[in-house]
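Colleague: The structure is given below, and queries will be raised subsequently.
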Amino acid sequence: MINKKLTIGLVFGGESSEHNVSINSARTIYNALTHSYNNETFIVNPIYIDKYGFWGDCEYSKSILLKKNRSSSTLGSNKDSINRLTNLAKESDKVDIWFPALHGPNGEDGVIQGLFKLTGKPFVGSGILGSSLGMDKIAMKSIFKSFNLPQVPYVYLNKENGLNNLFMESIFNKIDKDINYPCFVKPANLGSSIGITKAYSKKELVNAIKVAENYDERIIIEKNIEGRELECGVLGKSVMRSSVVGEVKFQGDWYTYASKYNESLSSTIIPADLNKNISKKIQTLAIDACKAINAFGLARVDFFYHENSQQIYINEVNTLPGFTKTSMYPMLWEASGLKPEKLVASLIEIATE
Ligand SMILES: Nc1ncnc2c1ncn2[C@@H]1O[C@H](COP(=O)(O)OP(=O)(O)O)[C@@H](O)[C@H]1O
Ligand SMILES: [Mg+2]
């Protein structure tokens, strides 16, 4: 059991396109960590990273978190006077445990996990390997394949392959044979549906590859699954638990950036209306998927479920899922009996395992 007050370095913001979501996630985590339930256990030291990658000190960071400072990207405007990481060195001494509330590249892909590791302090969530495998859809799916986990058929290519006609011909042939149209074209390392296109023809596919190439050198193309979108929370390290299963519903054909961040265009159903057998399978697969890529601590595993065939496909593991008031991960755990204040306390305890 913990008996001294631990200082939690709550890191948020960051250079990613999910900067603002991260601030909202950090607010929910901050409120949960400073809840009366955790009064005797934690001191929170917020650390804000601005859109240029500059680390703020605790006071400045708190002002962003508590909405006292609205200009959330001013640190780096004076780029030459300070080092990006100046405050990391200052704040790191005070911190006992890091709690990243970051999403997307640099926060969720192993980069900051490596930095945390170098400070010698434990941190919430997956390590470098699980984080980077969870971020790269091609690497993640290759591992799932080697574990025989159920997933959607896919092919992948590198930007440079586009110049090789023979290679591209073989990709188009594979698509005709195993994937067909419409198909989903995605940059391998991103989130929030950014850079993703649903392509209905070869012509659209060629354009979609160009769109994805604006975001990443690595591109993945997947068979379209007409199915329900289900999500399951995972918590733990030596012992992993999964939450009840939730469902996302959205307006339109697929879960786009617009529908993800516009509350009137999407909604969540917790728990999802599923037969027990399917829920159980999803809960087991969620843990299997995390174990396969060495993700632990927390993760949200997303699935497609094709009702007629009862086929379940793992879509992806998110190693730092959204943590806002209306995010699926904390809501799944609340519905499983773990309120946010208890959830964050568990995450910290798991980090010290
Ligand atoms: N193979 C697929 N079949 C059907 N829909 C898909 C497929 N891949 C992605 N989608 C749709 O696109 C959304 C975003 O894709 P996803 O791979 O989860 O990317 P991100 O990491 O950006 O969330 C999914 O939630 C789903 O609505
Ligand atoms: Mg997704």
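Residues are named by chain letter and number: chains run A, B, ... in the order of the structure tokens, numbers start at 1 in each chain, and ligands are numbered from 1 in the order shown.
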Given only C-alpha atoms and all ligand atoms, how would the per-residue table for chain A near ligand 1 read, listing every residue at most 7 Å away with its closest atom pair and distance in Å to one decimal, sorted by chain and number, as a tab-separated table?

Modeller:
residue	atom	partner	partner_atom_place_in_ligand_line	distance
A:Val152	CA	ligand 1	1 (N)	6.0
A:Cys183	CA	ligand 1	1 (N)	6.9
A:Phe184	CA	ligand 1	8 (N)	5.5
A:Leu190	CA	ligand 1	21 (O)	5.8
A:Gly191	CA	ligand 1	22 (O)	3.4
A:Ser192	CA	ligand 1	22 (O)	4.0
A:Ser193	CA	ligand 1	22 (O)	3.2
A:Ile194	CA	ligand 1	22 (O)	5.7
A:Glu222	CA	ligand 1	1 (N)	4.9
A:Lys223	CA	ligand 1	1 (N)	5.0
A:Asn224	CA	ligand 1	3 (N)	3.6
A:Ile225	CA	ligand 1	3 (N)	3.9
A:Glu226	CA	ligand 1	4 (C)	5.9
A:Glu229	CA	ligand 1	25 (O)	6.8
A:Trp254	CA	ligand 1	27 (O)	3.9
A:Tyr255	CA	ligand 1	27 (O)	3.6
A:Thr256	CA	ligand 1	13 (C)	6.0
A:Asn315	CA	ligand 1	17 (O)	6.2
A:Glu316	CA	ligand 1	18 (O)	6.4

Colleague: Would you list the residues that come within 12 Å of ligand 2? Count only C-alpha atoms and all ligand atoms and give the answer as an MDAnalysis selection string.

Modeller: chainID A and resid 104 134:135 137 186 188:194 196 229:231 248 254:257 259:260 300:304 314:322 328

Colleague: How would the residues just picked look written out with N, CA and C atoms as a compact mmCIF listing (two decimals), in the first residue's frame?

Modeller:
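Okay, this is what ended up in out-v7.txt:
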# COMPACT_ATOMS: atom_id res chain seq x y z
N GLY A 104 -1.75 10.58 -29.53
CA GLY A 104 -1.14 10.71 -30.85
C GLY A 104 0.38 10.70 -30.81
N GLY A 134 1.34 -0.11 -30.70
CA GLY A 134 -0.07 0.31 -30.71
C GLY A 134 -0.31 1.49 -31.64
N MET A 135 0.73 2.23 -31.91
CA MET A 135 0.58 3.42 -32.75
C MET A 135 0.65 3.08 -34.23
N LYS A 137 -0.25 0.99 -37.22
CA LYS A 137 -1.28 0.00 -37.56
C LYS A 137 -0.70 -1.19 -38.31
N LYS A 186 -5.46 4.18 -44.93
CA LYS A 186 -5.09 4.92 -43.71
C LYS A 186 -3.59 5.15 -43.63
N ALA A 188 -0.41 4.86 -41.45
CA ALA A 188 -0.23 3.85 -40.40
C ALA A 188 -0.14 4.45 -39.00
N ASN A 189 0.41 5.67 -38.91
CA ASN A 189 0.66 6.23 -37.57
C ASN A 189 -0.11 7.51 -37.32
N LEU A 190 -1.36 7.38 -37.03
CA LEU A 190 -2.13 8.58 -36.69
C LEU A 190 -3.35 8.14 -35.90
N GLY A 191 -4.24 9.07 -35.61
CA GLY A 191 -5.46 8.72 -34.90
C GLY A 191 -6.53 9.71 -35.26
N SER A 192 -7.65 9.62 -34.56
CA SER A 192 -8.77 10.55 -34.76
C SER A 192 -9.31 10.53 -36.19
N SER A 193 -9.06 9.46 -36.90
CA SER A 193 -9.54 9.30 -38.29
C SER A 193 -8.89 10.26 -39.29
N ILE A 194 -7.84 10.94 -38.89
CA ILE A 194 -7.18 11.91 -39.77
C ILE A 194 -6.45 11.18 -40.90
N ILE A 196 -7.70 9.39 -43.23
CA ILE A 196 -8.35 8.14 -43.66
C ILE A 196 -9.40 8.44 -44.73
N GLU A 229 -19.51 -0.98 -34.18
CA GLU A 229 -18.19 -0.63 -33.63
C GLU A 229 -18.26 -0.71 -32.10
N LEU A 230 -17.49 -1.65 -31.57
CA LEU A 230 -17.52 -1.93 -30.14
C LEU A 230 -16.16 -1.64 -29.53
N GLU A 231 -16.17 -1.23 -28.27
CA GLU A 231 -14.91 -0.86 -27.61
C GLU A 231 -14.88 -1.46 -26.20
N VAL A 248 -20.14 2.51 -30.12
CA VAL A 248 -20.27 3.88 -30.63
C VAL A 248 -21.22 3.87 -31.82
N TRP A 254 -19.21 6.19 -41.68
CA TRP A 254 -18.15 5.68 -40.81
C TRP A 254 -17.79 6.76 -39.78
N TYR A 255 -16.92 6.39 -38.84
CA TYR A 255 -16.63 7.23 -37.68
C TYR A 255 -15.51 8.22 -38.03
N THR A 256 -15.90 9.32 -38.61
CA THR A 256 -14.94 10.31 -39.12
C THR A 256 -14.46 11.25 -38.00
N TYR A 257 -13.49 12.09 -38.34
CA TYR A 257 -13.00 13.10 -37.39
C TYR A 257 -14.18 13.95 -36.91
N SER A 259 -17.38 13.30 -36.77
CA SER A 259 -18.33 12.64 -35.85
C SER A 259 -17.68 12.31 -34.51
N LYS A 260 -16.35 12.15 -34.49
CA LYS A 260 -15.68 11.85 -33.22
C LYS A 260 -15.72 13.04 -32.27
N ARG A 300 -7.62 0.95 -24.62
CA ARG A 300 -8.98 0.72 -25.12
C ARG A 300 -8.83 -0.05 -26.42
N VAL A 301 -9.49 -1.20 -26.49
CA VAL A 301 -9.37 -2.01 -27.69
C VAL A 301 -10.68 -1.89 -28.48
N ASP A 302 -10.53 -1.57 -29.78
CA ASP A 302 -11.70 -1.31 -30.63
C ASP A 302 -11.94 -2.48 -31.58
N PHE A 303 -13.21 -2.76 -31.79
CA PHE A 303 -13.60 -3.93 -32.60
C PHE A 303 -14.65 -3.56 -33.64
N PHE A 304 -14.70 -4.38 -34.70
CA PHE A 304 -15.85 -4.39 -35.59
C PHE A 304 -16.58 -5.70 -35.33
N ILE A 314 -10.68 -7.51 -34.46
CA ILE A 314 -10.00 -6.48 -33.67
C ILE A 314 -9.59 -5.38 -34.64
N ASN A 315 -9.95 -4.15 -34.35
CA ASN A 315 -9.51 -3.04 -35.20
C ASN A 315 -8.19 -2.49 -34.70
N GLU A 316 -8.15 -2.05 -33.44
CA GLU A 316 -6.89 -1.48 -32.96
C GLU A 316 -6.87 -1.39 -31.44
N VAL A 317 -5.65 -1.24 -30.92
CA VAL A 317 -5.44 -0.98 -29.50
C VAL A 317 -5.02 0.49 -29.37
N ASN A 318 -5.72 1.22 -28.52
CA ASN A 318 -5.31 2.61 -28.23
C ASN A 318 -4.67 2.61 -26.86
N THR A 319 -3.37 2.92 -26.80
CA THR A 319 -2.66 2.77 -25.53
C THR A 319 -2.81 3.98 -24.61
N LEU A 320 -3.22 5.12 -25.15
CA LEU A 320 -3.58 6.25 -24.28
C LEU A 320 -4.93 6.79 -24.76
N PRO A 321 -5.99 6.07 -24.43
CA PRO A 321 -7.30 6.46 -24.94
C PRO A 321 -7.77 7.78 -24.34
N GLY A 322 -8.70 8.43 -25.04
CA GLY A 322 -9.29 9.67 -24.54
C GLY A 322 -9.79 9.49 -23.12
N MET A 328 -14.99 7.26 -23.89
CA MET A 328 -15.41 5.88 -23.69
C MET A 328 -14.66 5.20 -22.54

Colleague: Check the smallest atom-to-atom distance from each of A:Lys203, A:Arg27, A:Lys177, A:Lys117 to A:Lys67 using only C-alpha atoms, then report the winner.

Modeller: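 Going through A:Lys203, A:Arg27, A:Lys177, A:Lys117 one by one, the smallest distance to A:Lys67 is for A:Arg27.
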
Colleague: From a backbone DSSP assignment, name each residue in stretch 83-299 of chain A labelled strand (DSSP E), as a ChimeraX atom specification.

Modeller: /A:97-101,154-158,183-187,197-199,218-223,228-236,240-250,266-269,297-299

Colleague: What separation in Å, quoted to one decimal, exists between atom CA of A:Ser238 and atom CA of A:Gln311?

Modeller: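 Atom CA of A:Ser238 sits 29.2 Å away from atom CA of A:Gln311.
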
Colleague: Within 12 Å of A:Asn173, counting only C-alpha atoms, which residues qualify if same-chain residues fewer than 6 places away don't, as a list in words?

Modeller: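 Final neighbour list, sorted by chain and number: Val155, Leu166, Phe167, Ile179, Asn180 and Lys202 of chain A.
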
Colleague: Given the selection you just returned, output its residues as a file containing C-alpha atoms, formatted as a compact mmCIF listing (two decimals), in the first residue's frame.

Modeller:
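Generated output (selection_31.txt):
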# COMPACT_ATOMS: atom_id res chain seq x y z
CA VAL A 155 -2.26 -4.87 -47.46
CA LEU A 166 5.13 -3.72 -60.75
CA PHE A 167 4.73 -3.43 -57.00
CA ILE A 179 -10.19 -6.75 -50.22
CA ASN A 180 -12.39 -5.32 -52.95
CA LYS A 202 -9.47 2.05 -58.05

Colleague: Can you list, as a VMD selection string, every protein, DNA or RNA residue that comes within 9 Å of A:Phe323 when you count only C-alpha atoms, leaving out same-chain residues fewer than 6 positions away?

Modeller: chain A and resid 21 to 22 24 to 29 101 329 to 331

Colleague: Taking 4 positions as the minimum chain separation for residues in the same chain, which residues sit within 8 Å of stretch 89-92 of chain A when counting only C-alpha atoms? Answer as a PyMOL selection string.

Modeller: chain A and resi 9+47+57-58+85+119

Colleague: How close does each residue of stretch 329-348 of chain A get to stretch 125-130 of chain A, giving the shortest atom pair and distance in Å to one decimal for every residue with an atom at most 12 Å away, counting only C-alpha atoms, sorted by chain and residue number, as JSON lines?

Modeller:
{"residue": "A:Val344", "atom": "CA", "partner": "A:Gly125", "partner_atom": "CA", "distance": 11.1}
{"residue": "A:Ser346", "atom": "CA", "partner": "A:Gly125", "partner_atom": "CA", "distance": 11.2}
{"residue": "A:Leu347", "atom": "CA", "partner": "A:Gly125", "partner_atom": "CA", "distance": 7.6}
{"residue": "A:Ile348", "atom": "CA", "partner": "A:Gly125", "partner_atom": "CA", "distance": 9.0}

Colleague: What is the distance, in Å and to one decimal place, between atom CA of A:Pro182 and atom CA of A:Ser201?

Modeller: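 Computing the Euclidean distance for atom CA of A:Pro182 and atom CA of A:Ser201 yields 6.7 Å.
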
Colleague: In Å to one decimal, how far is atom CA of A:Asn262 from atom CA of A:Val211?

Modeller: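 Distance reported for this atom pair: 22.9 Å.
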